[in-house]
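Visitor: Dropping in upload.txt, which is compact mmCIF, C-alpha atoms:
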```txt
# COMPACT_ATOMS: atom_id res chain seq x y z
CA MET A 22 -44.78 -53.95 -22.03
CA ARG A 23 -45.99 -53.16 -18.52
CA LEU A 24 -42.39 -53.04 -17.23
CA ALA A 25 -41.35 -50.74 -20.05
CA MET A 26 -44.28 -48.41 -19.39
CA ALA A 27 -43.52 -48.38 -15.64
CA ALA A 28 -39.91 -47.50 -16.33
CA LEU A 29 -40.98 -44.70 -18.66
CA LEU A 30 -43.40 -43.25 -16.11
CA LEU A 31 -40.76 -43.42 -13.38
CA GLY A 32 -38.29 -41.62 -15.62
CA LEU A 33 -40.81 -38.88 -16.40
CA THR A 34 -41.63 -38.46 -12.69
CA LEU A 35 -37.97 -38.10 -11.77
CA GLY A 36 -37.47 -35.71 -14.65
CA VAL A 37 -40.26 -33.46 -13.38
CA THR A 38 -39.82 -33.68 -9.60
CA GLY A 39 -36.27 -34.86 -9.16
CA GLU A 40 -33.51 -32.29 -9.04
CA LYS A 41 -29.80 -33.01 -8.97
CA GLU A 42 -28.10 -31.33 -6.06
CA ASP A 43 -25.33 -28.92 -7.00
CA ASP A 44 -22.42 -29.28 -4.59
CA SER A 45 -20.32 -26.50 -6.12
CA CYS A 46 -21.32 -23.97 -3.43
CA VAL A 47 -19.09 -25.01 -0.58
CA TYR A 48 -19.46 -23.66 2.95
CA GLU A 49 -15.96 -23.89 4.38
CA ALA A 50 -15.03 -23.38 8.03
CA LEU A 51 -12.05 -21.29 9.05
CA PRO A 52 -8.78 -23.11 9.70
CA ASP A 53 -8.06 -23.94 13.34
CA SER A 54 -5.52 -21.12 13.63
CA ASP A 55 -8.24 -18.56 12.85
CA ALA A 56 -11.08 -20.35 14.62
CA VAL A 57 -9.63 -19.44 18.04
CA LEU A 58 -11.53 -16.15 17.80
CA CYS A 59 -14.88 -17.89 17.38
CA LYS A 60 -16.45 -17.69 20.85
CA GLY A 61 -20.21 -17.75 20.44
CA LEU A 62 -20.97 -14.45 18.73
CA GLU A 63 -23.40 -14.84 15.80
CA VAL A 64 -23.27 -12.70 12.65
CA PHE A 65 -26.08 -13.02 10.10
CA TYR A 66 -26.03 -11.62 6.55
CA PRO A 67 -28.89 -11.94 4.05
CA GLU A 68 -28.97 -15.30 2.24
CA LEU A 69 -25.95 -16.62 4.15
CA GLU A 70 -27.28 -17.10 7.68
CA ASN A 71 -24.56 -17.14 10.38
CA VAL A 72 -21.15 -16.43 8.81
CA GLY A 73 -19.24 -16.66 12.08
CA CYS A 74 -16.15 -18.83 11.76
CA MET A 75 -16.57 -19.42 8.03
CA ILE A 76 -15.19 -18.37 4.64
CA ILE A 77 -17.74 -16.55 2.49
CA PRO A 78 -18.63 -19.05 -0.28
CA ASP A 79 -17.42 -18.43 -3.81
CA CYS A 80 -20.84 -18.80 -5.45
CA ASN A 81 -24.06 -16.89 -6.14
CA ASP A 82 -22.09 -13.61 -6.13
CA TYR A 83 -21.92 -13.73 -2.31
CA ARG A 84 -18.47 -12.15 -2.24
CA LYS A 85 -19.80 -9.26 -4.29
CA LYS A 86 -23.14 -8.99 -2.50
CA ILE A 87 -21.52 -8.72 0.93
CA THR A 88 -19.83 -5.50 -0.20
CA HIS A 89 -23.28 -3.90 -0.62
CA TRP A 90 -25.46 -5.52 2.01
CA PRO A 91 -26.45 -3.41 5.06
CA HIS A 92 -24.96 -4.19 8.43
CA PRO A 93 -25.47 -7.74 9.63
CA ILE A 94 -27.59 -8.93 12.52
CA VAL A 95 -25.17 -9.50 15.40
CA ARG A 96 -26.43 -11.62 18.27
CA PHE A 97 -24.86 -12.64 21.57
CA PRO A 98 -27.18 -15.27 23.09
CA LYS A 99 -25.37 -15.15 26.46
CA ALA A 100 -25.58 -11.37 26.87
CA VAL A 101 -26.62 -10.18 30.33
CA GLU A 102 -29.91 -8.36 29.82
CA ASP A 103 -29.24 -5.41 32.15
CA ALA A 104 -25.61 -4.95 31.04
CA THR A 105 -24.30 -2.49 28.42
CA TYR A 106 -21.97 -3.50 25.62
CA ILE A 107 -19.64 -2.19 22.91
CA LEU A 108 -19.51 -3.79 19.46
CA MET A 109 -16.61 -3.35 17.07
CA MET A 110 -15.83 -4.78 13.65
CA VAL A 111 -12.31 -4.47 12.25
CA ASP A 112 -10.13 -5.72 9.42
CA PRO A 113 -6.60 -6.55 10.67
CA ASP A 114 -5.37 -7.35 7.16
CA THR A 115 -5.15 -3.96 5.46
CA PRO A 116 -3.98 -3.63 2.84
CA SER A 117 -3.16 -7.37 2.96
CA ARG A 118 -2.60 -10.10 5.51
CA SER A 119 1.00 -10.54 4.38
CA SER A 120 1.71 -6.81 4.79
CA PRO A 121 -0.83 -5.23 7.20
CA THR A 122 0.74 -1.77 7.21
CA THR A 123 -2.57 0.03 7.89
CA ARG A 124 -3.94 -2.38 10.52
CA PHE A 125 -6.63 -2.00 11.90
CA TRP A 126 -9.36 -0.78 9.56
CA ARG A 127 -12.40 0.19 11.64
CA HIS A 128 -15.57 -1.01 9.91
CA TRP A 129 -18.10 -0.49 12.68
CA LEU A 130 -18.12 0.79 16.26
CA VAL A 131 -21.25 0.98 18.39
CA THR A 132 -21.49 1.72 22.12
CA ASN A 133 -24.33 1.77 24.66
CA ILE A 134 -25.91 -1.46 23.39
CA LYS A 135 -28.28 -2.92 25.95
CA GLY A 136 -27.85 -6.58 26.75
CA PHE A 137 -31.49 -7.46 26.16
CA ASN A 138 -31.17 -6.04 22.62
CA LEU A 139 -27.84 -7.71 21.88
CA LYS A 140 -29.33 -11.00 23.00
CA LYS A 141 -31.97 -10.63 20.27
CA GLY A 142 -29.59 -9.36 17.59
CA LYS A 143 -30.84 -5.79 17.79
CA ILE A 144 -27.92 -3.36 17.55
CA GLU A 145 -29.23 -0.11 19.02
CA GLY A 146 -26.82 2.31 20.64
CA LYS A 147 -24.45 5.17 19.90
CA GLU A 148 -22.76 4.61 16.54
CA LEU A 149 -19.27 6.10 16.70
CA SER A 150 -18.36 4.66 13.29
CA ASP A 151 -21.21 3.71 10.99
CA TYR A 152 -21.11 0.36 9.27
CA GLN A 153 -18.78 -0.02 6.30
CA PRO A 154 -19.14 -3.30 4.38
CA PRO A 155 -16.17 -5.60 3.74
CA SER A 156 -14.40 -4.40 0.57
CA PRO A 157 -11.02 -6.13 0.29
CA PRO A 158 -8.86 -4.72 -2.52
CA SER A 159 -8.25 -6.83 -5.59
CA GLN A 160 -5.16 -9.05 -5.49
CA SER A 161 -4.81 -8.60 -1.72
CA GLY A 162 -5.79 -12.16 -0.77
CA PHE A 163 -8.24 -13.15 1.93
CA HIS A 164 -9.09 -10.68 4.67
CA ARG A 165 -10.36 -11.46 8.14
CA TYR A 166 -13.33 -9.46 9.42
CA GLN A 167 -13.34 -9.58 13.19
CA PHE A 168 -16.18 -8.80 15.60
CA PHE A 169 -15.62 -8.10 19.29
CA VAL A 170 -18.10 -7.39 22.07
CA PHE A 171 -16.87 -5.72 25.26
CA LEU A 172 -18.67 -4.96 28.51
CA GLN A 173 -19.04 -1.19 28.79
CA GLU A 174 -19.52 -0.95 32.55
CA GLY A 175 -20.92 2.57 32.57
CA LYS A 176 -17.96 4.28 30.87
CA ALA A 177 -18.59 7.00 28.29
CA ILE A 178 -16.80 5.85 25.15
CA SER A 179 -15.61 8.19 22.40
CA LEU A 180 -13.09 8.48 19.59
CA LEU A 181 -10.33 11.06 19.56
CA ARG A 182 -10.44 13.75 16.87
CA GLN A 183 -7.49 12.11 15.14
CA GLU A 184 -9.22 8.73 15.20
CA ASN A 185 -12.28 10.25 13.56
CA LYS A 186 -10.25 11.54 10.60
CA THR A 187 -9.64 8.10 9.17
CA ARG A 188 -10.67 4.49 9.68
CA GLY A 189 -7.34 3.00 8.65
CA SER A 190 -4.28 2.50 10.86
CA TRP A 191 -6.55 2.52 13.91
CA LYS A 192 -4.59 1.81 17.07
CA MET A 193 -7.21 -0.51 18.51
CA GLU A 194 -5.10 -1.56 21.48
CA ARG A 195 -4.60 2.07 22.51
CA PHE A 196 -8.34 2.60 22.29
CA LEU A 197 -8.99 -0.45 24.47
CA ASN A 198 -6.37 0.58 27.01
CA ARG A 199 -7.75 4.12 27.17
CA PHE A 200 -11.10 2.83 28.37
CA HIS A 201 -9.72 -0.14 30.34
CA LEU A 202 -11.42 -2.65 28.07
CA ASN A 203 -9.71 -5.94 28.71
CA GLU A 204 -10.85 -9.30 27.38
CA PRO A 205 -13.88 -9.28 25.05
CA GLU A 206 -17.02 -10.98 26.31
CA THR A 207 -17.34 -12.75 22.96
CA SER A 208 -15.95 -12.59 19.43
CA THR A 209 -15.97 -14.17 16.00
CA GLN A 210 -14.65 -13.58 12.51
CA PHE A 211 -15.17 -14.55 8.89
CA MET A 212 -12.98 -14.36 5.81
CA THR A 213 -13.55 -13.20 2.26
CA GLN A 214 -11.62 -11.90 -0.71
CA ASN A 215 -12.34 -9.50 -3.56
CA TYR A 216 -14.95 -11.08 -5.80
CA GLN A 217 -12.91 -10.23 -8.93
CA ASP A 218 -10.16 -12.55 -7.68
CA SER A 219 -12.56 -15.47 -7.75
CA PRO A 220 -12.01 -18.18 -10.37
CA ASN A 221 -15.78 -18.03 -10.98
CA PHE A 222 -15.75 -14.31 -11.79
CA HIS A 223 -16.77 -13.44 -15.36
CA VAL A 224 -16.09 -10.08 -16.99
CA PRO A 225 -19.38 -8.73 -18.46
CA GLY A 226 -19.65 -9.77 -22.06
CA GLU A 227 -17.52 -12.86 -21.62
CA GLY A 228 -19.97 -15.73 -21.35
CA SER A 229 -23.08 -15.94 -19.22
CA SER A 230 -23.59 -13.52 -16.34
CA GLU A 231 -25.84 -16.02 -14.57
CA PRO A 232 -24.50 -17.68 -11.41
CA ARG A 233 -23.01 -21.05 -12.24
CA ASP A 234 -23.96 -22.75 -9.03
CA ARG A 235 -26.65 -22.91 -6.39
CA THR A 236 -26.60 -22.70 -2.64
CA LYS A 237 -26.09 -26.02 -0.94
CA GLN A 238 -28.31 -26.33 2.09
CA ARG A 239 -26.39 -26.61 5.34
```
What would you get if you wrote out this structure as structure tokens?
Guide:
Amino acid sequence: MRLAMAALLLGLTLGVTGEKEDDSCVYEALPDSDAVLCKGLEVFYPELENVGCMIIPDCNDYRKKITHWPHPIVRFPKAVEDATYILMMVDPDTPSRSSPTTRFWRHWLVTNIKGFNLKKGKIEGKELSDYQPPSPPSQSGFHRYQFFVFLQEGKAISLLRQENKTRGSWKMERFLNRFHLNEPETSTQFMTQNYQDSPNFHVPGEGSSEPRDRTKQR
């Protein structure tokens, strides 16, 4: 009788306090071929922490949320405090990675960022292109979103009138050559796809709209 009662109490305790871990939210690193760009730059979005060198998880509507979130916190821990930097974010896979006919899409371009701010993840400077969230078209596969930080070295940086007319088909290499910007000081990238292409996507009215899985702690 005592053993039966102990077993019952243990079962009730586990039922109240125990919680089965849901492993369906997988945090996947980029493949080695894409990880070569991951060189110490940190990019933080709400709920996701540092997304550098990872694929945005297919859970909790993250691939939808990232299309609406404000600009991420970008931090370069090794930034020189009295130096000045340029930050750019681009998508090289427009309209798709298999046929990037409008490469590069310019998502964000900020100049005159002080090193002591960049070191803390505070992006304050001259915004030549305001932040545009990742919005890969449906049925276009995974897109890479690349972040580069260059040393400005006192140069005044600007976009040409033609460059300001559109964000797509940006000749990034020409821009870099024009201002003698060589190797980036640091870089990283992440990948995501249109949330409607996800196998977990539900059309409203077809089943529950609640997320099916929970974030797995990393």
Visitor: Just checking: using all atoms listed in the file, which residue out of A:Ser159, A:Ser54, A:Thr132, A:Thr115 ends up closest to Arg188 of chain A?
Guide: A:Thr115
Visitor: Using all atoms of segment 66-74 of chain A that appear in the file, construct an axis-aligned enclosing box with 3 Å of padding on every side and provide its centre coordinates and edge lengths in Å, rounded to one decimal, as JSON.
Guide:
```
{"center_x": -22.6, "center_y": -15.2, "center_z": 7.2, "size_x": 18.8, "size_y": 13.2, "size_z": 15.8}
```
Visitor: Tell me which of A:Phe211, A:Phe97, A:Phe125, A:Tyr166 sits closest to Phe196 of chain A, counting only C-alpha atoms.
Guide: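 The answer is A:Phe125, which sits nearest to Phe196 of chain A.
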Visitor: Pick out the closest residue to Pro113 of chain A from this set: A:Ser190, A:Gln217, A:Thr209, A:Asn133. Count only C-alpha atoms.
Guide: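 Distance minimum relative to Pro113 of chain A lands on A:Ser190.
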Visitor: Rank nothing, just name the residue among A:Asn81, A:Asn198, A:Gln173, A:Thr88 nearest to Ile107 of chain A, using all atoms listed in the file.
Guide: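 Residue with the minimum atom-to-atom distance to Ile107 of chain A: A:Gln173.
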Visitor: Restricting the calculation to all atoms listed in the file: of A:Ser119, A:Ser179, A:Thr207, A:Gln214, which residue gets closest to Leu58 of chain A?
Guide: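 Closest to Leu58 of chain A of all the choices is A:Thr207.
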Visitor: Counting only C-alpha atoms, which residue out of A:Trp126, A:Trp90, A:Trp191, A:Phe200 sits closest to Glu174 of chain A?
Guide: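 Under the stated criterion, the closest residue is A:Phe200.
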Visitor: Quick one: residues within 10 Å of Pro91 of chain A, all atoms listed in the file counted, chain neighbours fewer than 6 positions away excluded, as a PDB file with C-alpha atoms, keeping the file's coordinate frame?
Guide:
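Result went into around.pdb, see below:
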```pdb
ATOM      1  CA  TYR A  66     -26.030 -11.620   6.550  1.00  0.00           C
ATOM      2  CA  PRO A  67     -28.890 -11.940   4.050  1.00  0.00           C
ATOM      3  CA  TYR A 152     -21.110   0.360   9.270  1.00  0.00           C
ATOM      4  CA  GLN A 153     -18.780  -0.020   6.300  1.00  0.00           C
ATOM      5  CA  PRO A 154     -19.140  -3.300   4.380  1.00  0.00           C
TER       6      PRO A 154
END
```
Visitor: To one decimal place in Å, what is the distance between atom CA of Asn138 of chain A and atom CA of Val57 of chain A?
Guide: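 Computing the Euclidean distance for atom CA of Asn138 of chain A and atom CA of Val57 of chain A yields 25.8 Å.
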Visitor: Lys186 of chain A: which residues within 12 Å, counting all atoms listed in the file, same-chain residues fewer than 5 positions away excluded, as number ranges by chain?
Guide: A: 127, 150, 180-181, 191
Visitor: Please produce a file of those selected residues containing C-alpha atoms, as a tab-separated table (two decimals), in the frame of the given file.
Guide:
```tsv
chain	number	residue	atom	x	y	z
A	127	ARG	CA	-12.40	0.19	11.64
A	150	SER	CA	-18.36	4.66	13.29
A	180	LEU	CA	-13.09	8.48	19.59
A	181	LEU	CA	-10.33	11.06	19.56
A	191	TRP	CA	-6.55	2.52	13.91
```
Visitor: May I ask for the distance between atom CA of Gln210 of chain A and atom CA of Pro78 of chain A, given in Å to one decimal place?
Guide: 14.5 Å
Visitor: Just the number, please: distance in Å from atom CA of Glu206 of chain A to atom CA of Val101 of chain A, one decimal.
Guide: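 Rounded to one decimal, the two atoms are 10.4 Å apart.
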Visitor: Could I get segment 124-135 of chain A from the block written as a short mmCIF file (atom, residue, chain, number, x, y, z; two decimals), in the first residue's frame, with N, CA and C atoms?
Guide:
```cif
data_model
loop_
_atom_site.label_atom_id
_atom_site.label_comp_id
_atom_site.auth_asym_id
_atom_site.auth_seq_id
_atom_site.Cartn_x
_atom_site.Cartn_y
_atom_site.Cartn_z
N ARG A 124 21.02 40.24 -58.27
CA ARG A 124 22.03 40.35 -57.20
C ARG A 124 22.74 41.71 -57.32
N PHE A 125 23.03 42.36 -56.27
CA PHE A 125 22.71 42.18 -54.86
C PHE A 125 21.49 43.04 -54.51
N TRP A 126 20.71 42.58 -53.54
CA TRP A 126 19.64 43.42 -53.00
C TRP A 126 20.16 44.05 -51.72
N ARG A 127 20.13 45.38 -51.68
CA ARG A 127 20.70 46.13 -50.56
C ARG A 127 19.64 46.31 -49.47
N HIS A 128 19.84 45.64 -48.36
CA HIS A 128 18.87 45.68 -47.26
C HIS A 128 19.18 46.77 -46.23
N TRP A 129 20.45 47.12 -46.12
CA TRP A 129 20.82 48.07 -45.06
C TRP A 129 22.22 48.57 -45.36
N LEU A 130 22.42 49.88 -45.22
CA LEU A 130 23.75 50.45 -45.42
C LEU A 130 23.92 51.64 -44.48
N VAL A 131 24.86 51.52 -43.57
CA VAL A 131 25.10 52.56 -42.56
C VAL A 131 26.58 52.89 -42.53
N THR A 132 26.91 54.18 -42.57
CA THR A 132 28.30 54.62 -42.50
C THR A 132 28.52 55.41 -41.21
N ASN A 133 29.76 55.80 -40.98
CA ASN A 133 30.13 56.65 -39.83
C ASN A 133 29.76 56.02 -38.48
N ILE A 134 29.92 54.71 -38.38
CA ILE A 134 29.64 54.03 -37.10
C ILE A 134 30.92 54.01 -36.27
N LYS A 135 30.87 54.54 -35.10
CA LYS A 135 32.04 54.59 -34.23
C LYS A 135 32.32 53.21 -33.63
#
```
